[in-house]
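Inspection log for the structure reproduced underneath, given as structure tokens.
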Amino acid sequence: MNLPDTETLLAAAGLVATAALWAVERFLPGRKRIGYRVQMDTRIGMNPRDAHSLVQLRLLRRDQEITDATLALLRFENDGGKDIVRQDYQEPLTVEFTGRTVIGVEVPDANPPDLVGMLTRNGGGLRHSGGRLAIPKVPLNKRNHFKLLVLLSAEDEGGGSRDEGADGRRPGEVVVGGFISGGRIRRNTQRWGPRKPSLALGGVCIILVGLLGGLLLNGSAEAARGECATGRLTVDGSSAFAPPMREIARQYAARCRGAGIEVAESGSLSGLGRLDRAGRAAPAGGPAFLAVSDVAAPPVYRKLEGRRVGIILLGLVVNEQTGVDNLTSAQVRGIYNGRYTNWEQVGGNDLPVRIVGRDAASGTRRAFETSVLRGSEPGTVSSYDCSGKDRDATARVTRCEVNSTTSLLDTVGRVPGAIGYAEVYAAAKHPRVSGIRLNGREPDIEWSGQRTYPFWTVEYLYAYGQPADGSLAAKFRAFMDSDTAKNILRKYKHVPCADQANVPGSACRP
């Protein structure tokens with residue numbers, strides 16, 4: 001196990017310290033504090049300026065006309081780090097509206113709602129006299145708030161002077177007073193972004209994250225160099241396993257510059273044969289060639305050494321016009337031996353059965369014969385493309401063969417009444433093709449589900465002998481156990497054998 005270097009540890013420690021300072025600055029101010037702000041303070045322009053206007057509007061309250069009226073909205077909140085109780089108020093909160101008279105006050109909003117009752121109750125609630133508003137001592141927990149909507153009129157309704165008063169306050173000014181022990185009352189300004197300390201700490205945090213990320217990426221690059229090799233490698237074999245294998249190969253090549261991996265899909269048995277020939281022709285050290293197979297290599301290939309890399313789920317597929325979504329194993333065997341020649345015979349639509357099979361090099365075909373048919377698939381090929389019996393008009397069943405999973409799915413989707421078998425992830429993505437439940441069971445990626453679903457197989461990755469240490473073949477085989485490869489296998493609904501090696505009864509165990 002590689003320990004982090006000193007620079008990485010220091011960067012990580014700095015990041016933790018910065019985060020802690022931000023948390024203290026943001027969440028633990030450590031003082032009792034009431035903040036307030038004037039959210040609105042505006043004239044209510046009811047009277048038209050034109051004295052000869054046909055419309056004359058007046059603002060009345062309790063049948064009394066209010067001239068030169070203004071409306072103010074104030075918000076009070078506990079924006080400190082501690083709760084405030086009634087005993088903390090050494091002097092209650094007051095609001096002085098200079099040059100104006102308070103006509104009335106309401107509480108339009110409060111959190112919690114109980115504050116409304118505390119602020120407005122008879123005998124102990126909000127009180128006003130002249131331009132002064134007294135606010136009762138109400139408890140405020142952290143982030144509690146309330147708002148006051150105040151209706152005011154000009155103090156001098158007779159049109160007298162509204163110049164600056166003797167106390168130096170300008171008419172229309174709003175002054176909040178009061179005193180709480182162990183804290184303060186302050187006017188808040190409307191903030192449209194984070195505070196300066198938060199910005200500064202955020203900047204330091206970004207720098208440290210970048211530094212730490214660079215160090216970790218450098219460490220990842222060092223680790224990647226340990227699993228990388230350069231050169232060219234060919235992986236051939238199963239067409240059912242080709243899509244995830246291509247994606248795994250791309251991920252390896254992206255991590256390891258100078259590595260080129262070609263993935264072919266000539267079929268499981270064909271790939272094993274090509275590997276054996278390449279190995280016998282290669283000099284000492286073995287060829288840059290691996291084979292992936294849906295079945296174990298036949299005994300004739302004595303020099304091939306295989307590893308179980310995954311369990312792949314296979315399934316029966318039909319053309320969507322058949323009208324069938326479930327078959328028993330006995331019905332499947334009856335279809336392939338010619339007992340059933342029309343889908344009506346197994347509960348489907350009135351369509352002739354057309355069988356799309358795989359050629360003899362297919363490992364998927366071997367798995368189908370072993371797991372479902374319990375015998376060989378009929379070898380008679382009566383059709384070139386399954387559209388009709390253009391090769392053998394005397395055959396009981398219309399049957400054609402193709403050489404890949406993609407070709408099989410294309411043919412089943414094109415030919416009404418067609419049936420075949422394929423890897424379930426690829427089948428699910430193909431248009432006009434429907435998956436078939438087998439004996440009422442769905443394919444299940446979990447091993448417990450596979451115990452009750454019969455159609456699956458183990459995927460093997462073969463090399464010719466033991467690949468030389470440090471070679472691309474050896475490094476890529478090891479990469480098949482990585483988290484990257486395992487996640488790709490799961491994406492394609494396969495079970496990674498790296499997760500099943502120690503599970504009792506698992507097919508991944510030799």
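A note on labels: chains of the structure tokens are A, B, ... as shown, every chain counts residues from 1, and ligands are counted from 1 in their shown order.
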
*Would you list the contacts of stretch 406-423 of chain A as a ChimeraX atom specification, taking every protein, DNA or RNA residue within 6 Å and counting only C-alpha atoms, but skipping same-chain residues closer than 6 positions in sequence?*
/A:240,313-319,322,351-356,432-433

*Could you jot down the atom CA of A:Ile248 to atom CA of A:Val263 separation for me, Å, one decimal place?*
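A separation of 10.1 Å between them.
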
_Within 12 Å of A:Met118 using only C-alpha atoms, minus same-chain residues under 2 positions, as a list of chain:residue names_ =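 Within the cut-off, the hits are A:Arg86, A:Val107, A:Ala110, A:Asn111, A:Pro112, A:Pro113, A:Asp114, A:Leu115, A:Val116, A:Thr120, A:Arg121, A:Asn122, A:Gly123, A:Gly124, A:Gly125, A:Leu126, A:Ile135, A:Pro136, A:Lys137, A:Val138, A:Pro139, A:Leu140, A:Phe146.
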
Just C-alpha atoms for this one: save the residues we selected as an mmCIF file, in the first residue's frame.
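File produced: result.cif:
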data_model
loop_
_atom_site.group_PDB
_atom_site.id
_atom_site.type_symbol
_atom_site.label_atom_id
_atom_site.label_comp_id
_atom_site.auth_asym_id
_atom_site.auth_seq_id
_atom_site.Cartn_x
_atom_site.Cartn_y
_atom_site.Cartn_z
ATOM 1 C CA ARG A 86 -36.694 37.539 27.431
ATOM 2 C CA VAL A 107 -47.348 41.668 12.009
ATOM 3 C CA ALA A 110 -43.281 35.628 11.716
ATOM 4 C CA ASN A 111 -41.295 32.443 12.178
ATOM 5 C CA PRO A 112 -42.380 30.675 14.289
ATOM 6 C CA PRO A 113 -46.021 31.773 13.910
ATOM 7 C CA ASP A 114 -46.362 31.909 17.727
ATOM 8 C CA LEU A 115 -44.460 35.192 17.652
ATOM 9 C CA VAL A 116 -47.513 36.903 16.132
ATOM 10 C CA THR A 120 -49.978 41.546 19.375
ATOM 11 C CA ARG A 121 -51.525 40.296 22.618
ATOM 12 C CA ASN A 122 -53.575 42.776 24.608
ATOM 13 C CA GLY A 123 -51.763 44.556 27.368
ATOM 14 C CA GLY A 124 -48.282 43.374 26.513
ATOM 15 C CA GLY A 125 -47.935 43.692 22.782
ATOM 16 C CA LEU A 126 -46.788 46.367 20.377
ATOM 17 C CA ILE A 135 -41.658 46.153 20.732
ATOM 18 C CA PRO A 136 -42.270 43.640 23.554
ATOM 19 C CA LYS A 137 -39.511 41.298 24.767
ATOM 20 C CA VAL A 138 -40.066 38.201 22.666
ATOM 21 C CA PRO A 139 -37.749 35.141 22.625
ATOM 22 C CA LEU A 140 -35.908 34.609 19.362
ATOM 23 C CA PHE A 146 -40.710 38.698 12.429
#

*asked:* At a cut-off of 9 Å, using only C-alpha atoms, what residues contact A:Ala395? Leave out same-chain residues fewer than 3 positions from it and give the result as a PyMOL selection string.
replied: chain A and resi 380-382+389+392+398-399

*All residues 10 Å or closer to stretch 292-305 of chain A, only C-alpha atoms, same chain fewer than 2 positions away omitted, as a VMD selection string*: chain A and resid 235 to 242 245 263 to 265 267 to 273 275 to 277 279 to 280 290 307 to 312 362 to 367 456 to 467

_Run DSSP on the backbone and tell me which residues of stretch 301-509 of chain A come out as helix (DSSP H, G or I); list them as a ChimeraX atom specification._
/A:329-336,343-346,363-373,405-414,424-428,447-450,472-479,483-491,497-499

*Got a sec: who's within 8 Å of A:Arg184, counting only C-alpha atoms, leaving out chain neighbours fewer than 2 positions off, as a list in words?*
Lys32, Arg33, Ile34, Phe179, Ile180, Ser181, Gly182 and Arg186 of chain A

Can you write just those residues out, N, CA, C and O atoms, as a tab-separated table (two decimals), in the first residue's frame?
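Contents of again_11.tsv, as written:
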chain	number	residue	atom	x	y	z
A	32	LYS	N	-24.75	36.72	20.79
A	32	LYS	CA	-26.17	36.99	20.62
A	32	LYS	C	-26.31	38.24	19.76
A	32	LYS	O	-25.62	39.24	20.01
A	33	ARG	N	-27.18	38.16	18.77
A	33	ARG	CA	-27.24	39.28	17.85
A	33	ARG	C	-28.64	39.35	17.22
A	33	ARG	O	-29.17	38.35	16.74
A	34	ILE	N	-29.22	40.55	17.27
A	34	ILE	CA	-30.47	40.82	16.57
A	34	ILE	C	-30.15	41.75	15.41
A	34	ILE	O	-29.57	42.83	15.60
A	179	PHE	N	-31.13	47.14	23.90
A	179	PHE	CA	-29.85	46.60	24.38
A	179	PHE	C	-30.09	45.16	24.86
A	179	PHE	O	-31.05	44.90	25.61
A	180	ILE	N	-29.23	44.22	24.42
A	180	ILE	CA	-29.29	42.84	24.90
A	180	ILE	C	-27.95	42.50	25.52
A	180	ILE	O	-26.89	42.90	25.02
A	181	SER	N	-27.99	41.76	26.62
A	181	SER	CA	-26.75	41.42	27.32
A	181	SER	C	-25.98	40.36	26.52
A	181	SER	O	-26.55	39.43	25.97
A	182	GLY	N	-24.68	40.53	26.46
A	182	GLY	CA	-23.83	39.57	25.77
A	182	GLY	C	-23.95	39.62	24.27
A	182	GLY	O	-23.59	38.65	23.59
A	186	ARG	N	-27.91	45.24	15.42
A	186	ARG	CA	-27.26	45.92	14.30
A	186	ARG	C	-28.19	45.97	13.10
A	186	ARG	O	-29.10	45.15	12.95

*For A:Leu472, which of A:Arg441, A:Lys493, A:Arg374, A:Arg232 is the closest residue, counting only C-alpha atoms?*
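Once distances to A:Leu472 are computed over only C-alpha atoms, the minimum belongs to A:Arg232.
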
*asked:* I'd like the interatomic distance between atom CA of A:Gly323 and atom CA of A:Phe455, to a tenth of an Å.
replied: 21.6 Å

*Who sits within 12 Å of A:Arg257, only C-alpha atoms, same chain under 3 positions skipped, as a VMD selection string*: chain A and resid 221 224 to 225 227 to 232 250 to 254 260 to 261 472

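Across A:Pro287, A:Gly35, A:Gly131, A:Gly117, the tightest approach to A:Asp79 is made by A:Gly35 when counting only C-alpha atoms.
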
*Which residues in stretch 302-389 of chain A does DSSP call strand (DSSP E or B)? List them as a PyMOL selection string.*
chain A and resi 304-319+326-327+342+352+354-358

Selected residues, N, CA, C and O atoms, written as a CSV table (one decimal), in the first residue's frame, please.
chain,number,residue,atom,x,y,z
A,304,LEU,N,-3.9,-23.4,-23.9
A,304,LEU,CA,-4.7,-22.2,-23.5
A,304,LEU,C,-5.0,-22.2,-22.0
A,304,LEU,O,-5.4,-23.2,-21.5
A,305,GLU,N,-4.8,-21.0,-21.4
A,305,GLU,CA,-5.1,-20.9,-20.0
A,305,GLU,C,-6.1,-19.8,-19.9
A,305,GLU,O,-5.9,-18.6,-20.3
A,306,GLY,N,-7.2,-20.2,-19.2
A,306,GLY,CA,-8.4,-19.2,-19.1
A,306,GLY,C,-8.7,-18.8,-17.7
A,306,GLY,O,-8.4,-19.4,-16.7
A,307,ARG,N,-9.3,-17.6,-17.6
A,307,ARG,CA,-9.8,-17.0,-16.4
A,307,ARG,C,-11.2,-16.7,-16.5
A,307,ARG,O,-11.7,-16.2,-17.6
A,308,ARG,N,-12.0,-17.0,-15.5
A,308,ARG,CA,-13.4,-16.6,-15.5
A,308,ARG,C,-13.6,-15.1,-15.2
A,308,ARG,O,-13.2,-14.7,-14.1
A,309,VAL,N,-14.1,-14.4,-16.1
A,309,VAL,CA,-14.2,-12.9,-15.9
A,309,VAL,C,-15.6,-12.4,-15.6
A,309,VAL,O,-15.8,-11.3,-15.1
A,310,GLY,N,-16.6,-13.2,-16.0
A,310,GLY,CA,-18.0,-12.7,-15.8
A,310,GLY,C,-19.0,-13.8,-16.1
A,310,GLY,O,-18.7,-14.8,-16.7
A,311,ILE,N,-20.2,-13.6,-15.6
A,311,ILE,CA,-21.4,-14.4,-15.9
A,311,ILE,C,-22.3,-13.5,-16.8
A,311,ILE,O,-22.7,-12.4,-16.3
A,312,ILE,N,-22.6,-14.0,-18.0
A,312,ILE,CA,-23.5,-13.2,-18.8
A,312,ILE,C,-24.8,-13.8,-18.9
A,312,ILE,O,-25.0,-15.0,-19.0
A,313,LEU,N,-25.9,-13.0,-19.0
A,313,LEU,CA,-27.2,-13.4,-19.1
A,313,LEU,C,-27.7,-13.5,-20.5
A,313,LEU,O,-27.5,-12.6,-21.3
A,314,LEU,N,-28.2,-14.7,-20.9
A,314,LEU,CA,-28.7,-14.9,-22.3
A,314,LEU,C,-30.2,-15.0,-22.2
A,314,LEU,O,-30.8,-15.4,-21.2
A,315,GLY,N,-30.9,-14.8,-23.3
A,315,GLY,CA,-32.3,-14.9,-23.4
A,315,GLY,C,-32.9,-15.3,-24.7
A,315,GLY,O,-32.2,-15.0,-25.8
A,316,LEU,N,-34.1,-15.8,-24.8
A,316,LEU,CA,-34.8,-16.1,-26.0
A,316,LEU,C,-35.4,-14.7,-26.5
A,316,LEU,O,-35.9,-14.0,-25.6
A,317,VAL,N,-35.4,-14.5,-27.8
A,317,VAL,CA,-36.0,-13.3,-28.3
A,317,VAL,C,-36.9,-13.7,-29.5
A,317,VAL,O,-36.6,-14.7,-30.2
A,318,VAL,N,-38.0,-13.0,-29.7
A,318,VAL,CA,-38.9,-13.2,-30.8
A,318,VAL,C,-39.2,-11.9,-31.5
A,318,VAL,O,-39.1,-10.8,-30.9
A,319,ASN,N,-39.7,-12.0,-32.7
A,319,ASN,CA,-40.2,-10.8,-33.4
A,319,ASN,C,-41.5,-10.4,-32.7
A,319,ASN,O,-42.3,-11.2,-32.2
A,326,ASN,N,-43.8,-15.5,-23.0
A,326,ASN,CA,-43.3,-16.5,-22.1
A,326,ASN,C,-43.4,-17.9,-22.8
A,326,ASN,O,-44.4,-18.2,-23.5
A,327,LEU,N,-42.4,-18.7,-22.6
A,327,LEU,CA,-42.3,-20.1,-23.1
A,327,LEU,C,-41.7,-21.0,-22.0
A,327,LEU,O,-40.9,-20.6,-21.2
A,342,ASN,N,-46.3,-23.2,-35.8
A,342,ASN,CA,-47.1,-22.0,-35.9
A,342,ASN,C,-47.2,-21.4,-34.5
A,342,ASN,O,-47.4,-22.2,-33.5
A,352,PRO,N,-46.2,-18.4,-39.0
A,352,PRO,CA,-45.3,-19.5,-39.0
A,352,PRO,C,-44.1,-19.3,-38.2
A,352,PRO,O,-43.6,-18.1,-38.2
A,354,ARG,N,-40.2,-19.2,-37.5
A,354,ARG,CA,-39.0,-19.2,-38.3
A,354,ARG,C,-37.8,-19.1,-37.3
A,354,ARG,O,-37.8,-18.2,-36.5
A,355,ILE,N,-36.9,-20.0,-37.3
A,355,ILE,CA,-35.8,-20.1,-36.3
A,355,ILE,C,-34.5,-19.5,-36.9
A,355,ILE,O,-34.1,-19.8,-38.0
A,356,VAL,N,-34.0,-18.5,-36.1
A,356,VAL,CA,-32.7,-17.9,-36.5
A,356,VAL,C,-31.7,-18.4,-35.5
A,356,VAL,O,-31.7,-18.2,-34.3
A,357,GLY,N,-30.8,-19.2,-36.0
A,357,GLY,CA,-29.8,-19.9,-35.2
A,357,GLY,C,-28.4,-19.2,-35.4
A,357,GLY,O,-28.2,-18.4,-36.3
A,358,ARG,N,-27.5,-19.6,-34.6
A,358,ARG,CA,-26.1,-19.2,-34.7
A,358,ARG,C,-25.3,-20.3,-35.3
A,358,ARG,O,-25.6,-21.5,-35.2
